[in-house]
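Enquirer: Sharing a structure with you now.
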Amino acid sequence: MKSDTLANRLNMAMAIRDITQGALAKASGVSQPTIWRLTKGEASGSRKLVDIARALNVNVEWLASGEGEMSGRSTSGGLDKVKTGTTIPVWNAHGKSGEVIAPPNGTRVRKSWRAYILERNSGCAEATAGSIIIVDTDIAPETGDLVVANFNARISVYRFLEGPFNGFLTVDDPRLPAVELTDEVELIGVAIFLIRDLRR
């Protein structure tokens, strides 16, 4: 079995350890739909890779990037070796804006990170107008995660809700219906940092 992708490495480790998706979900604390998306290559990463690697008793660097040995201790102690930078590009509904922001103190920036500055209040109380939201485009969303999506040519923040197909976007107001993820709705990434002015 090839091990050139996260999906291939995860499937290989599961086969060697003789563990099912359901058993891995239970052992790692990661939802079974997320495990399924990772094994099918529909997600290129997860914030829970450390937990998955620990449940499989494999080196997290090997699982995340293919570097190092499958078994054994991680050499960096971190999630994976990812090329990093010192700034995060700011995006809008049309693409990169040309602006950049500095990451929160002590944070290593990954190439999969983007920043968005919200022009108006979102449907989630935490993400108000003027907030800067940093997302990771490589993380597979899980129920309850704040996510950024482009819907009707408008960038906004939603809560992700796992569903039978691609999932749904919801807001805090229960009177508003959930929006099913389709080709017309671009799920950009999972929120990893939210920076806002608390005096607003």
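In the structure tokens, chains take the letters A, B, ... in the order shown, each chain's residues start at 1, and ligands count up from 1 in the order shown.
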If you run DSSP on this backbone, which residues of range 52-193 of chain A come out as strand (DSSP E or B), and could you give them as an NGL selection string?
Expert: :A and (84-85 or 88-92 or 95-101 or 109-110 or 113-117 or 132-136 or 146-151 or 154-161 or 168-170 or 179-180 or 185-193)
Enquirer: List every residue of chain A that DSSP, applied to the backbone, labels as alpha helix (DSSP H), and write the result as a VMD selection string.
Expert: chain A and resid 6 to 17 21 to 28 32 to 39 49 to 56 60 to 65
Enquirer: Looking at only C-alpha atoms, which of A:Leu194, A:Leu146, A:Ala153, A:Val58 is the one that sits closest to Ile117 in chain A?
Expert: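 For Ile117 in chain A, the nearest of the given residues is A:Leu194.
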Enquirer: Between CA of Thr87 in chain A and CA of Lys111 in chain A, measure the distance and give it in Å to one decimal.
Expert: 9.8 Å
Enquirer: Pick from A:Asn11, A:Asn59, A:Thr143, A:Ser156: nearest to Trp36 in chain A, with only C-alpha atoms counted?
Expert: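 Between A:Asn11, A:Asn59, A:Thr143, A:Ser156, the residue approaching Trp36 in chain A most closely is A:Asn11.
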Enquirer: What lies within 12 Å of Glu184 in chain A using only C-alpha atoms, ignoring chain neighbours under 5 positions off, as a PyMOL selection string?
Expert: chain A and resi 149-154+179
Enquirer: By how many Å are CA of Pro164 in chain A and CA of Lys26 in chain A apart?
Expert: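 That distance, rounded to one decimal, is 19.3 Å.
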Enquirer: With a distance cut-off of 12 Å and only C-alpha atoms, select the neighbouring residues of Met12 in chain A, excluding the residue or stretch itself and same-chain residues fewer than 5 positions from it, and output the selection as an NGL selection string.
Expert: :A and (1-7 or 17-20 or 39 or 56 or 58 or 62-63 or 66 or 70)
Enquirer: Can you tell me how far CA of Lys40 in chain A sits from CA of Asp136 in chain A, in Å to one decimal?
Expert: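 One can read the CA of Lys40 in chain A to CA of Asp136 in chain A distance as 19.6 Å.
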Enquirer: Can you tell me which residues surround Gly29 in chain A at a distance of at most 12 Å, considering only C-alpha atoms, apart from same-chain residues fewer than 2 positions away, and format the answer as a PyMOL selection string?
Expert: chain A and resi 21-27+31-35+47-55+142
Enquirer: Have a look at A:Ser122, A:Thr107, A:Ser112, A:Ser28 and name the one nearest to Asp172 in chain A; count only C-alpha atoms.
Expert: A:Ser122
